[in-house]
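Participant: Structure file structure.pdb (PDB, C-alpha atoms) right here:
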```pdb
ATOM      1  CA  MET A   1      16.240 226.968 187.726
ATOM      2  CA  LYS A   2      14.709 226.368 184.323
ATOM      3  CA  ILE A   3      16.308 228.305 181.513
ATOM      4  CA  VAL A   4      15.078 228.465 177.931
ATOM      5  CA  GLY A   5      16.363 230.595 175.123
ATOM      6  CA  VAL A   6      16.923 231.300 171.490
ATOM      7  CA  ALA A   7      20.226 231.727 169.658
ATOM      8  CA  ALA A   8      20.525 233.429 166.276
ATOM      9  CA  CYS A   9      23.303 235.207 164.397
ATOM     10  CA  THR A  10      23.673 237.142 161.166
ATOM     11  CA  ALA A  11      24.900 234.378 158.889
ATOM     12  CA  GLY A  12      23.185 231.626 160.842
ATOM     13  CA  ILE A  13      26.077 229.289 160.217
ATOM     14  CA  ALA A  14      28.421 229.245 163.186
ATOM     15  CA  HIS A  15      27.919 231.698 166.051
ATOM     16  CA  THR A  16      24.335 230.592 166.671
ATOM     17  CA  TYR A  17      25.470 227.085 167.495
ATOM     18  CA  LEU A  18      28.537 228.069 169.420
ATOM     19  CA  ALA A  19      26.517 230.476 171.578
ATOM     20  CA  LYS A  20      23.961 227.751 172.213
ATOM     21  CA  GLU A  21      26.550 225.228 173.354
ATOM     22  CA  LYS A  22      28.230 227.762 175.621
ATOM     23  CA  ILE A  23      24.937 228.602 177.336
ATOM     24  CA  VAL A  24      23.966 224.949 177.667
ATOM     25  CA  GLU A  25      27.328 223.983 179.085
ATOM     26  CA  ALA A  26      27.436 226.832 181.621
ATOM     27  CA  SER A  27      23.819 226.283 182.694
ATOM     28  CA  LYS A  28      24.305 222.587 183.256
ATOM     29  CA  LYS A  29      27.483 223.148 185.197
ATOM     30  CA  ALA A  30      25.587 225.519 187.477
ATOM     31  CA  GLY A  31      22.927 222.832 187.948
ATOM     32  CA  HIS A  32      20.120 224.341 185.896
ATOM     33  CA  GLN A  33      17.794 222.799 183.356
ATOM     34  CA  VAL A  34      18.257 224.349 179.971
ATOM     35  CA  LYS A  35      16.960 224.246 176.427
ATOM     36  CA  ILE A  36      18.080 226.599 173.671
ATOM     37  CA  GLU A  37      16.338 226.872 170.328
ATOM     38  CA  THR A  38      18.479 227.766 167.321
ATOM     39  CA  GLN A  39      17.262 229.912 164.457
ATOM     40  CA  GLY A  40      19.924 229.484 161.803
ATOM     41  CA  THR A  41      20.308 229.129 158.107
ATOM     42  CA  ILE A  42      19.058 225.518 158.399
ATOM     43  CA  GLY A  43      15.865 226.810 159.964
ATOM     44  CA  THR A  44      14.618 226.430 163.513
ATOM     45  CA  GLU A  45      15.913 223.521 165.534
ATOM     46  CA  ASP A  46      15.148 222.386 169.062
ATOM     47  CA  GLU A  47      12.060 224.554 168.956
ATOM     48  CA  LEU A  48      10.765 225.487 172.405
ATOM     49  CA  THR A  49       7.347 224.147 173.296
ATOM     50  CA  GLU A  50       4.649 226.243 174.908
ATOM     51  CA  GLU A  51       5.001 224.125 178.008
ATOM     52  CA  GLU A  52       8.752 224.695 178.239
ATOM     53  CA  ILE A  53       8.305 228.432 177.883
ATOM     54  CA  LYS A  54       5.567 228.453 180.486
ATOM     55  CA  GLU A  55       7.692 226.595 183.001
ATOM     56  CA  ALA A  56      10.872 228.576 182.398
ATOM     57  CA  ASP A  57      12.166 230.976 185.054
ATOM     58  CA  VAL A  58      14.062 232.995 182.511
ATOM     59  CA  VAL A  59      14.462 233.384 178.751
ATOM     60  CA  ILE A  60      17.856 234.138 177.231
ATOM     61  CA  ILE A  61      17.854 235.584 173.756
ATOM     62  CA  ALA A  62      21.395 235.421 172.416
ATOM     63  CA  ALA A  63      20.990 237.070 169.053
ATOM     64  CA  ASP A  64      22.568 239.520 166.646
ATOM     65  CA  ILE A  65      19.402 239.803 164.573
ATOM     66  CA  SER A  66      15.744 240.023 165.494
ATOM     67  CA  ILE A  67      14.367 236.578 166.174
ATOM     68  CA  SER A  68      11.146 235.014 164.943
ATOM     69  CA  ASN A  69       8.226 234.497 167.285
ATOM     70  CA  ARG A  70       9.495 236.725 170.015
ATOM     71  CA  ASP A  71       5.925 237.315 171.184
ATOM     72  CA  ARG A  72       6.007 233.832 172.724
ATOM     73  CA  PHE A  73       7.979 235.388 175.561
ATOM     74  CA  GLU A  74       5.520 238.088 176.555
ATOM     75  CA  ASN A  75       5.179 238.199 180.328
ATOM     76  CA  LYS A  76       8.435 236.294 180.803
ATOM     77  CA  VAL A  77      11.688 237.519 182.280
ATOM     78  CA  VAL A  78      13.780 237.998 179.146
ATOM     79  CA  LEU A  79      17.469 238.720 178.957
ATOM     80  CA  GLN A  80      18.627 239.787 175.523
ATOM     81  CA  ILE A  81      22.314 239.762 174.636
ATOM     82  CA  PRO A  82      24.444 239.569 171.487
ATOM     83  CA  THR A  83      25.851 236.105 170.714
ATOM     84  CA  HIS A  84      29.389 237.162 171.568
ATOM     85  CA  VAL A  85      28.449 237.776 175.197
ATOM     86  CA  ALA A  86      27.243 234.185 175.493
ATOM     87  CA  MET A  87      30.363 232.967 173.740
ATOM     88  CA  LYS A  88      32.798 235.047 175.723
ATOM     89  CA  SER A  89      31.535 234.778 179.262
ATOM     90  CA  PRO A  90      28.801 232.172 179.613
ATOM     91  CA  LYS A  91      29.546 231.565 183.298
ATOM     92  CA  ALA A  92      29.191 235.242 184.183
ATOM     93  CA  LEU A  93      25.967 235.336 182.190
ATOM     94  CA  ILE A  94      24.424 232.497 184.180
ATOM     95  CA  LYS A  95      25.623 234.020 187.415
ATOM     96  CA  LYS A  96      24.038 237.334 186.559
ATOM     97  CA  ILE A  97      20.769 235.580 185.791
ATOM     98  CA  GLU A  98      20.880 233.736 189.112
ATOM     99  CA  GLU A  99      21.381 237.006 190.937
ATOM    100  CA  GLU A 100      18.594 238.787 189.107
ATOM    101  CA  ILE A 101      16.129 235.977 189.575
ATOM    102  CA  ASN A 102      16.947 235.848 193.288
ATOM    103  CA  THR A 103      16.430 239.562 193.803
ATOM    104  CA  THR A 104      13.135 239.665 191.929
ATOM    105  CA  ALA A 105      11.818 236.519 193.603
TER     106      ALA A 105
ATOM    107  CA  MET B   1      23.726 210.541 178.887
ATOM    108  CA  MET B   2      26.708 210.427 176.593
ATOM    109  CA  GLN B   3      25.665 210.499 173.001
ATOM    110  CA  LYS B   4      28.360 209.860 170.471
ATOM    111  CA  GLU B   5      27.488 210.921 167.034
ATOM    112  CA  LYS B   6      30.043 210.357 164.329
ATOM    113  CA  LEU B   7      30.059 212.914 161.574
ATOM    114  CA  ASP B   8      31.219 212.003 158.124
ATOM    115  CA  LEU B   9      33.038 215.050 156.888
ATOM    116  CA  LYS B  10      34.580 213.677 153.715
ATOM    117  CA  GLU B  11      32.213 215.658 151.498
ATOM    118  CA  LEU B  12      33.277 218.862 153.229
ATOM    119  CA  MET B  13      36.961 218.447 153.924
ATOM    120  CA  ASN B  14      39.965 216.299 153.201
ATOM    121  CA  GLU B  15      43.746 216.527 153.345
ATOM    122  CA  HIS B  16      43.770 219.123 150.597
ATOM    123  CA  THR B  17      41.682 221.530 152.634
ATOM    124  CA  ILE B  18      44.105 221.431 155.574
ATOM    125  CA  ASN B  19      47.475 223.067 156.028
ATOM    126  CA  LEU B  20      49.068 222.664 159.437
ATOM    127  CA  HIS B  21      52.134 224.755 158.628
ATOM    128  CA  SER B  22      51.101 227.975 157.002
ATOM    129  CA  ARG B  23      53.777 230.664 156.978
ATOM    130  CA  ALA B  24      51.252 233.465 156.716
ATOM    131  CA  ASP B  25      51.829 236.159 159.299
ATOM    132  CA  SER B  26      48.703 238.261 158.958
ATOM    133  CA  LYS B  27      44.980 237.746 158.745
ATOM    134  CA  MET B  28      44.839 239.068 155.199
ATOM    135  CA  GLU B  29      47.689 236.847 154.102
ATOM    136  CA  VAL B  30      46.283 233.647 155.541
ATOM    137  CA  LEU B  31      42.802 234.346 154.201
ATOM    138  CA  LYS B  32      44.275 235.027 150.774
ATOM    139  CA  GLU B  33      46.158 231.722 150.878
ATOM    140  CA  MET B  34      42.997 229.937 151.886
ATOM    141  CA  VAL B  35      40.697 231.422 149.276
ATOM    142  CA  SER B  36      43.164 230.857 146.469
ATOM    143  CA  LYS B  37      43.459 227.238 147.572
ATOM    144  CA  LEU B  38      39.664 227.026 147.575
ATOM    145  CA  GLU B  39      39.697 228.284 144.018
ATOM    146  CA  SER B  40      42.397 225.871 142.903
ATOM    147  CA  ILE B  41      40.562 222.828 144.277
ATOM    148  CA  GLY B  42      37.348 223.996 142.639
ATOM    149  CA  SER B  43      35.357 224.887 145.754
ATOM    150  CA  VAL B  44      34.934 228.530 144.797
ATOM    151  CA  SER B  45      34.722 230.038 141.332
ATOM    152  CA  ASP B  46      36.363 233.350 142.146
ATOM    153  CA  ALA B  47      38.794 233.711 145.031
ATOM    154  CA  SER B  48      38.738 237.494 145.281
ATOM    155  CA  SER B  49      34.979 237.738 145.221
ATOM    156  CA  PHE B  50      34.739 235.063 147.919
ATOM    157  CA  LEU B  51      37.335 236.930 149.981
ATOM    158  CA  LYS B  52      35.155 240.021 149.773
ATOM    159  CA  ASP B  53      32.187 238.096 151.130
ATOM    160  CA  VAL B  54      34.286 236.686 153.958
ATOM    161  CA  TYR B  55      35.398 240.196 154.887
ATOM    162  CA  ALA B  56      31.809 241.409 154.763
ATOM    163  CA  ARG B  57      31.035 238.866 157.472
ATOM    164  CA  GLU B  58      34.149 239.878 159.422
ATOM    165  CA  LYS B  59      32.784 243.411 159.661
ATOM    166  CA  GLU B  60      29.677 242.208 161.433
ATOM    167  CA  GLY B  61      31.511 240.907 164.453
ATOM    168  CA  PHE B  62      34.381 238.915 165.857
ATOM    169  CA  THR B  63      35.082 235.533 164.367
ATOM    170  CA  GLY B  64      37.964 234.881 166.741
ATOM    171  CA  ILE B  65      36.234 232.665 169.289
ATOM    172  CA  GLY B  66      39.058 232.428 171.790
ATOM    173  CA  SER B  67      41.341 229.433 172.431
ATOM    174  CA  SER B  68      43.506 230.490 169.429
ATOM    175  CA  ILE B  69      40.756 229.659 166.949
ATOM    176  CA  ALA B  70      38.953 231.802 164.396
ATOM    177  CA  ILE B  71      35.958 230.731 162.329
ATOM    178  CA  PRO B  72      35.588 233.150 159.449
ATOM    179  CA  HIS B  73      32.828 232.153 157.083
ATOM    180  CA  GLY B  74      31.219 233.251 153.915
ATOM    181  CA  LYS B  75      27.918 232.386 152.372
ATOM    182  CA  SER B  76      28.624 233.420 148.847
ATOM    183  CA  GLU B  77      27.592 233.121 145.243
ATOM    184  CA  SER B  78      31.164 232.214 144.385
ATOM    185  CA  VAL B  79      30.975 229.009 146.396
ATOM    186  CA  ILE B  80      30.519 225.958 144.181
ATOM    187  CA  LYS B  81      31.018 223.314 146.817
ATOM    188  CA  ASN B  82      30.497 223.592 150.578
ATOM    189  CA  THR B  83      33.944 223.290 152.111
ATOM    190  CA  ILE B  84      35.680 223.426 155.469
ATOM    191  CA  MET B  85      39.212 224.707 155.118
ATOM    192  CA  ILE B  86      41.585 224.687 158.070
ATOM    193  CA  TYR B  87      44.947 226.435 158.187
ATOM    194  CA  ARG B  88      47.222 226.523 161.180
ATOM    195  CA  THR B  89      49.892 229.184 161.145
ATOM    196  CA  ASN B  90      53.423 228.741 162.408
ATOM    197  CA  GLN B  91      53.182 232.142 164.078
ATOM    198  CA  PRO B  92      50.226 233.443 166.080
ATOM    199  CA  ILE B  93      48.461 236.094 164.006
ATOM    200  CA  GLU B  94      46.438 239.161 164.929
ATOM    201  CA  TRP B  95      42.693 238.699 164.673
ATOM    202  CA  GLU B  96      39.584 240.231 166.199
ATOM    203  CA  THR B  97      39.015 237.769 169.012
ATOM    204  CA  LEU B  98      36.789 237.420 172.061
ATOM    205  CA  ASP B  99      39.762 236.838 174.351
ATOM    206  CA  ASP B 100      41.923 239.576 172.807
ATOM    207  CA  LEU B 101      44.597 237.010 172.014
ATOM    208  CA  PRO B 102      45.965 236.155 168.575
ATOM    209  CA  VAL B 103      44.948 233.013 166.699
ATOM    210  CA  ARG B 104      46.776 230.088 165.133
ATOM    211  CA  VAL B 105      43.958 228.000 163.736
ATOM    212  CA  ILE B 106      41.667 229.392 161.083
ATOM    213  CA  ILE B 107      38.613 227.351 160.230
ATOM    214  CA  LEU B 108      37.119 228.876 157.105
ATOM    215  CA  LEU B 109      33.628 227.770 156.164
ATOM    216  CA  ALA B 110      32.690 228.254 152.534
ATOM    217  CA  VAL B 111      28.954 227.928 152.141
ATOM    218  CA  LYS B 112      26.841 227.974 149.009
ATOM    219  CA  ILE B 113      24.289 230.728 148.883
ATOM    220  CA  GLU B 114      21.415 228.534 147.968
ATOM    221  CA  ASP B 115      21.694 225.181 149.402
ATOM    222  CA  GLN B 116      19.345 222.290 149.344
ATOM    223  CA  ASN B 117      21.792 220.230 151.291
ATOM    224  CA  ASN B 118      20.764 220.655 154.900
ATOM    225  CA  LEU B 119      23.045 217.838 155.890
ATOM    226  CA  HIS B 120      26.133 219.913 155.134
ATOM    227  CA  LEU B 121      24.770 222.872 157.074
ATOM    228  CA  LYS B 122      23.939 220.606 159.979
ATOM    229  CA  MET B 123      27.482 219.307 160.008
ATOM    230  CA  LEU B 124      28.850 222.857 159.995
ATOM    231  CA  ALA B 125      26.495 223.790 162.831
ATOM    232  CA  SER B 126      27.585 220.765 164.766
ATOM    233  CA  ILE B 127      31.267 221.554 164.320
ATOM    234  CA  ALA B 128      30.734 225.178 165.330
ATOM    235  CA  GLY B 129      28.866 224.037 168.426
ATOM    236  CA  SER B 130      31.553 221.558 169.340
ATOM    237  CA  LEU B 131      34.085 224.400 169.499
ATOM    238  CA  ALA B 132      32.374 225.549 172.695
ATOM    239  CA  ASP B 133      34.497 222.855 174.336
ATOM    240  CA  GLU B 134      37.829 224.417 175.230
ATOM    241  CA  ALA B 135      39.595 221.093 175.680
ATOM    242  CA  ARG B 136      38.621 220.219 172.150
ATOM    243  CA  CYS B 137      39.910 223.555 170.866
ATOM    244  CA  GLU B 138      43.203 222.852 172.552
ATOM    245  CA  ARG B 139      43.473 219.456 170.891
ATOM    246  CA  ILE B 140      42.858 221.131 167.544
ATOM    247  CA  THR B 141      45.640 223.648 168.090
ATOM    248  CA  LYS B 142      48.088 220.880 169.000
ATOM    249  CA  VAL B 143      47.166 218.078 166.622
ATOM    250  CA  GLU B 144      50.078 216.668 164.628
ATOM    251  CA  SER B 145      48.455 215.245 161.530
ATOM    252  CA  LYS B 146      45.715 216.108 159.084
ATOM    253  CA  GLN B 147      44.064 212.746 159.586
ATOM    254  CA  LYS B 148      43.941 213.233 163.338
ATOM    255  CA  LEU B 149      42.454 216.683 162.890
ATOM    256  CA  ILE B 150      39.662 215.271 160.759
ATOM    257  CA  GLN B 151      39.103 212.565 163.374
ATOM    258  CA  ILE B 152      38.775 215.135 166.157
ATOM    259  CA  LEU B 153      36.204 217.060 164.183
ATOM    260  CA  GLU B 154      34.283 213.943 163.235
ATOM    261  CA  GLN B 155      34.061 212.841 166.834
ATOM    262  CA  ASN B 156      31.139 214.715 168.202
ATOM    263  CA  GLU B 157      30.142 214.389 171.797
ATOM    264  CA  GLU B 158      26.902 215.828 172.958
ATOM    265  CA  GLY B 159      24.935 216.080 176.090
ATOM    266  CA  GLU B 160      27.617 215.231 178.598
ATOM    267  CA  ASP B 161      28.328 217.467 181.543
ATOM    268  CA  GLN B 162      31.837 217.348 182.860
TER     269      GLN B 162
END
```
Starting from the file, give its structure as structure tokens.
Facilitator:
Amino acid sequence: MKIVGVAACTAGIAHTYLAKEKIVEASKKAGHQVKIETQGTIGTEDELTEEEIKEADVVIIAADISISNRDRFENKVVLQIPTHVAMKSPKALIKKIEEEINTTA
Amino acid sequence: MMQKEKLDLKELMNEHTINLHSRADSKMEVLKEMVSKLESIGSVSDASSFLKDVYAREKEGFTGIGSSIAIPHGKSESVIKNTIMIYRTNQPIEWETLDDLPVRVIILLAVKIEDQNNLHLKMLASIAGSLADEARCERITKVESKQKLIQILEQNEEGEDQ
């Protein structure tokens, strides 16, 4: 499965990056391709390309604030969660996505 | 692919910003110790005003990330110099944490409100991200010397699946 996503938190200093790493780690362990963009106080990093978004099976938005350029994900399967969900139980998150994608497929 | 990127944290932390044997036994007490140290080394101009900003962030959500570690942080006008301060308490202390367990290691990030120095912010982001690795968190809670702690944080491994 191809997963893309965006992580963003209130201060944009710590949780954004921790949530990103947790999602990346859990996705890779489950054998998925993954890329997570971060929108933090430094600005946007690892920005998703149009191509990556187009090819993605699912979009994870792990954010405590509203993210920029959300309209990129129109017509995509989007799962929105607060950063702490990604930080606390990344494995369960990926599993839930797998299940949902399988039932809608 | 294993990518080893070495961070140089000496602008952000040193032996004076670490205490591996704090006797604080509450969140308020340890944060007070930390902010007054930040003031005494010249990283913040006003300890109590910085403490207020740290608590404002605390209200927005848990900073206890599990694995006995908390990462409170404040982006504040009282910060003069971006600093990473790390205190480890002798006793586990109560904190709002994702795993509902107390913490022993408090990594306090003091960040200037207007900062042209993206490099510092990138280093902070990189350290925060690296705490996703539970094995690394465990090493941090057990490390015996300040120098070793800095080394662990400077060693940044990316892109490797276990």
Participant: Expand the PyMOL selection byres ((chain A and resi 30-34) around 10) into the explicit residue set it covers here, and present it as a list in words.
Facilitator: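 Written out, the selection comes to Met1, Lys2, Ile3, Val4, Gly5, Ile23, Val24, Glu25, Ala26, Ser27, Lys28, Lys29, Lys35, Ile36, Glu52, Ala56, Val58, Val59, Lys91, Ile94, Lys95 and Glu98 of chain A; Asp161 of chain B.
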Participant: As a check of understanding, name the residues that the PyMOL selection byres ((chain A and resi 82) around 6) selects in the supplied structure, as number ranges by chain.
Facilitator: A: 62-64, 81, 83-85
Participant: List every protein, DNA or RNA residue with an atom no more than 8 Å from (54.0, 228.4, 159.3) in the file's coordinates, counting all atoms listed in the file, and format the result as a list in words.
Facilitator: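 Residues with an atom close enough to that point: Leu20, His21, Ser22, Arg23, Ala24, Arg88, Thr89, Asn90 and Gln91 of chain B.
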Participant: Extract, using all atoms listed in the file, all DNA, RNA and protein residues at most 10 Å from region 57-60 of chain B, discarding same-chain residues fewer than 2 positions from it, and format them as a short mmCIF file (atom, residue, chain, number, x, y, z; two decimals) with C-alpha atoms, in the frame of the given file.
Facilitator:
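part-v2.cif, freshly written:
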```cif
data_model
loop_
_atom_site.label_atom_id
_atom_site.label_comp_id
_atom_site.auth_asym_id
_atom_site.auth_seq_id
_atom_site.Cartn_x
_atom_site.Cartn_y
_atom_site.Cartn_z
CA CYS A 9 23.30 235.21 164.40
CA THR A 10 23.67 237.14 161.17
CA ALA A 11 24.90 234.38 158.89
CA ASP A 64 22.57 239.52 166.65
CA LEU B 51 37.34 236.93 149.98
CA LYS B 52 35.16 240.02 149.77
CA ASP B 53 32.19 238.10 151.13
CA VAL B 54 34.29 236.69 153.96
CA TYR B 55 35.40 240.20 154.89
CA PHE B 62 34.38 238.92 165.86
CA THR B 63 35.08 235.53 164.37
CA GLY B 64 37.96 234.88 166.74
CA ILE B 71 35.96 230.73 162.33
CA PRO B 72 35.59 233.15 159.45
CA HIS B 73 32.83 232.15 157.08
CA GLY B 74 31.22 233.25 153.92
CA LYS B 75 27.92 232.39 152.37
CA GLU B 96 39.58 240.23 166.20
#
```
Participant: Sorted by chain and rising residue number, list the residues of chain B at most 10 Å from chain A (counting all atoms listed in the file), each with its closest atom pair and distance in Å to one decimal, as JSON lines.
Facilitator:
```
{"residue": "B:Arg57", "atom": "CA", "partner": "A:Ala11", "partner_atom": "CA", "distance": 7.7}
{"residue": "B:Glu60", "atom": "CA", "partner": "A:Thr10", "partner_atom": "CA", "distance": 7.9}
{"residue": "B:Gly61", "atom": "CA", "partner": "A:His84", "partner_atom": "CA", "distance": 8.3}
{"residue": "B:Phe62", "atom": "CA", "partner": "A:His84", "partner_atom": "CA", "distance": 7.8}
{"residue": "B:Thr63", "atom": "CA", "partner": "A:His15", "partner_atom": "CA", "distance": 8.3}
{"residue": "B:Ile65", "atom": "CA", "partner": "A:Met87", "partner_atom": "CA", "distance": 7.4}
{"residue": "B:Gly66", "atom": "CA", "partner": "A:Lys88", "partner_atom": "CA", "distance": 7.8}
{"residue": "B:Ile71", "atom": "CA", "partner": "A:Ala14", "partner_atom": "CA", "distance": 7.7}
{"residue": "B:Pro72", "atom": "CA", "partner": "A:Ala14", "partner_atom": "CA", "distance": 9.0}
{"residue": "B:His73", "atom": "CA", "partner": "A:Ile13", "partner_atom": "CA", "distance": 8.0}
{"residue": "B:Gly74", "atom": "CA", "partner": "A:Ala11", "partner_atom": "CA", "distance": 8.1}
{"residue": "B:Lys75", "atom": "CA", "partner": "A:Ala11", "partner_atom": "CA", "distance": 7.5}
{"residue": "B:Thr97", "atom": "CA", "partner": "A:Lys88", "partner_atom": "CA", "distance": 9.5}
{"residue": "B:Leu98", "atom": "CA", "partner": "A:Lys88", "partner_atom": "CA", "distance": 5.9}
{"residue": "B:Asp99", "atom": "CA", "partner": "A:Lys88", "partner_atom": "CA", "distance": 7.3}
{"residue": "B:Leu109", "atom": "CA", "partner": "A:Ile13", "partner_atom": "CA", "distance": 8.7}
{"residue": "B:Val111", "atom": "CA", "partner": "A:Ile13", "partner_atom": "CA", "distance": 8.7}
{"residue": "B:Asp115", "atom": "CA", "partner": "A:Ile42", "partner_atom": "CA", "distance": 9.4}
{"residue": "B:Gln116", "atom": "CA", "partner": "A:Ile42", "partner_atom": "CA", "distance": 9.6}
{"residue": "B:Asn117", "atom": "CA", "partner": "A:Ile42", "partner_atom": "CA", "distance": 9.3}
{"residue": "B:Asn118", "atom": "CA", "partner": "A:Ile42", "partner_atom": "CA", "distance": 6.2}
{"residue": "B:Leu119", "atom": "CA", "partner": "A:Ile42", "partner_atom": "CA", "distance": 9.0}
{"residue": "B:His120", "atom": "CA", "partner": "A:Ile42", "partner_atom": "CA", "distance": 9.6}
{"residue": "B:Leu121", "atom": "CA", "partner": "A:Ile42", "partner_atom": "CA", "distance": 6.4}
{"residue": "B:Lys122", "atom": "CA", "partner": "A:Ile42", "partner_atom": "CA", "distance": 7.1}
{"residue": "B:Leu124", "atom": "CA", "partner": "A:Ile13", "partner_atom": "CA", "distance": 7.0}
{"residue": "B:Ala125", "atom": "CA", "partner": "A:Ala14", "partner_atom": "CA", "distance": 5.8}
{"residue": "B:Ser126", "atom": "CA", "partner": "A:Tyr17", "partner_atom": "CA", "distance": 7.2}
{"residue": "B:Ile127", "atom": "CA", "partner": "A:Ala14", "partner_atom": "CA", "distance": 8.3}
{"residue": "B:Ala128", "atom": "CA", "partner": "A:Ala14", "partner_atom": "CA", "distance": 5.1}
{"residue": "B:Gly129", "atom": "CA", "partner": "A:Leu18", "partner_atom": "CA", "distance": 4.2}
{"residue": "B:Ser130", "atom": "CA", "partner": "A:Leu18", "partner_atom": "CA", "distance": 7.2}
{"residue": "B:Leu131", "atom": "CA", "partner": "A:Leu18", "partner_atom": "CA", "distance": 6.7}
{"residue": "B:Ala132", "atom": "CA", "partner": "A:Lys22", "partner_atom": "CA", "distance": 5.5}
{"residue": "B:Asp133", "atom": "CA", "partner": "A:Lys22", "partner_atom": "CA", "distance": 8.1}
{"residue": "B:Glu158", "atom": "CA", "partner": "A:Glu21", "partner_atom": "CA", "distance": 9.4}
{"residue": "B:Gly159", "atom": "CA", "partner": "A:Glu25", "partner_atom": "CA", "distance": 8.8}
{"residue": "B:Glu160", "atom": "CA", "partner": "A:Glu25", "partner_atom": "CA", "distance": 8.8}
{"residue": "B:Asp161", "atom": "CA", "partner": "A:Lys28", "partner_atom": "CA", "distance": 6.7}
{"residue": "B:Gln162", "atom": "CA", "partner": "A:Lys29", "partner_atom": "CA", "distance": 7.6}
```
Participant: Just give me the gap between CA of Ile80 (chain B) and CA of Ser45 (chain B) in Å, one decimal is fine.
Facilitator: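 Those two atoms sit 6.5 Å apart.
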Participant: Taking the file as shown, find all residues satisfying the PyMOL selection byres ((chain B and resi 7) around 10) and write them as a ChimeraX atom specification.
Facilitator: /B:4-6,8-10,122-123,126-127,150-151,153-156
Participant: So which one's closest to Leu101 (chain B), B:Ile69, B:Ile84, B:Thr17, B:Asp25? Using all atoms listed in the file, please.
Facilitator: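 Ranked by minimum distance to Leu101 (chain B), first place goes to B:Ile69.
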Participant: One decimal, in Å: what's the spacing between CA of Met34 (chain B) and CA of Ile106 (chain B)?
Facilitator: 9.3 Å
Participant: Produce the centre coordinates and the three edge lengths, each in Å to one decimal, of the box along x, y and z that contains all listed atoms of region 22-38 of chain B with 5 Å added on each side, as AutoDock Vina command-line options.
Facilitator:
```
--center_x 46.7 --center_y 233.0 --center_z 152.9 --size_x 24.1 --size_y 22.0 --size_z 22.8
```
Participant: Between CA of Val44 (chain B) and CA of Gln147 (chain B), what distance in Å does the model show, to one decimal?
Facilitator: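 That distance, rounded to one decimal, is 23.5 Å.
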Participant: Rank nothing, just name the residue among A:Glu50, A:Ala86, A:Leu93, A:Thr44 nearest to Phe73 (chain A), using only C-alpha atoms.
Facilitator: A:Glu50
Participant: Counting all atoms listed in the file, what is within 8 Å of Ile67 (chain A), bar same-chain residues fewer than 5 positions away, as a list in words?
Facilitator: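 Using all atoms listed in the file, the neighbours found are Val6, Ala8 and Gln39 of chain A.
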Participant: Atoms to include: C-alpha atoms. Write the selected residues as an mmCIF file, keeping the file's coordinate frame.
Facilitator:
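The resulting file, again_22.cif, is reproduced below:
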```
data_model
loop_
_atom_site.group_PDB
_atom_site.id
_atom_site.type_symbol
_atom_site.label_atom_id
_atom_site.label_comp_id
_atom_site.auth_asym_id
_atom_site.auth_seq_id
_atom_site.Cartn_x
_atom_site.Cartn_y
_atom_site.Cartn_z
ATOM 1 C CA VAL A 6 16.923 231.300 171.490
ATOM 2 C CA ALA A 8 20.525 233.429 166.276
ATOM 3 C CA GLN A 39 17.262 229.912 164.457
#
```
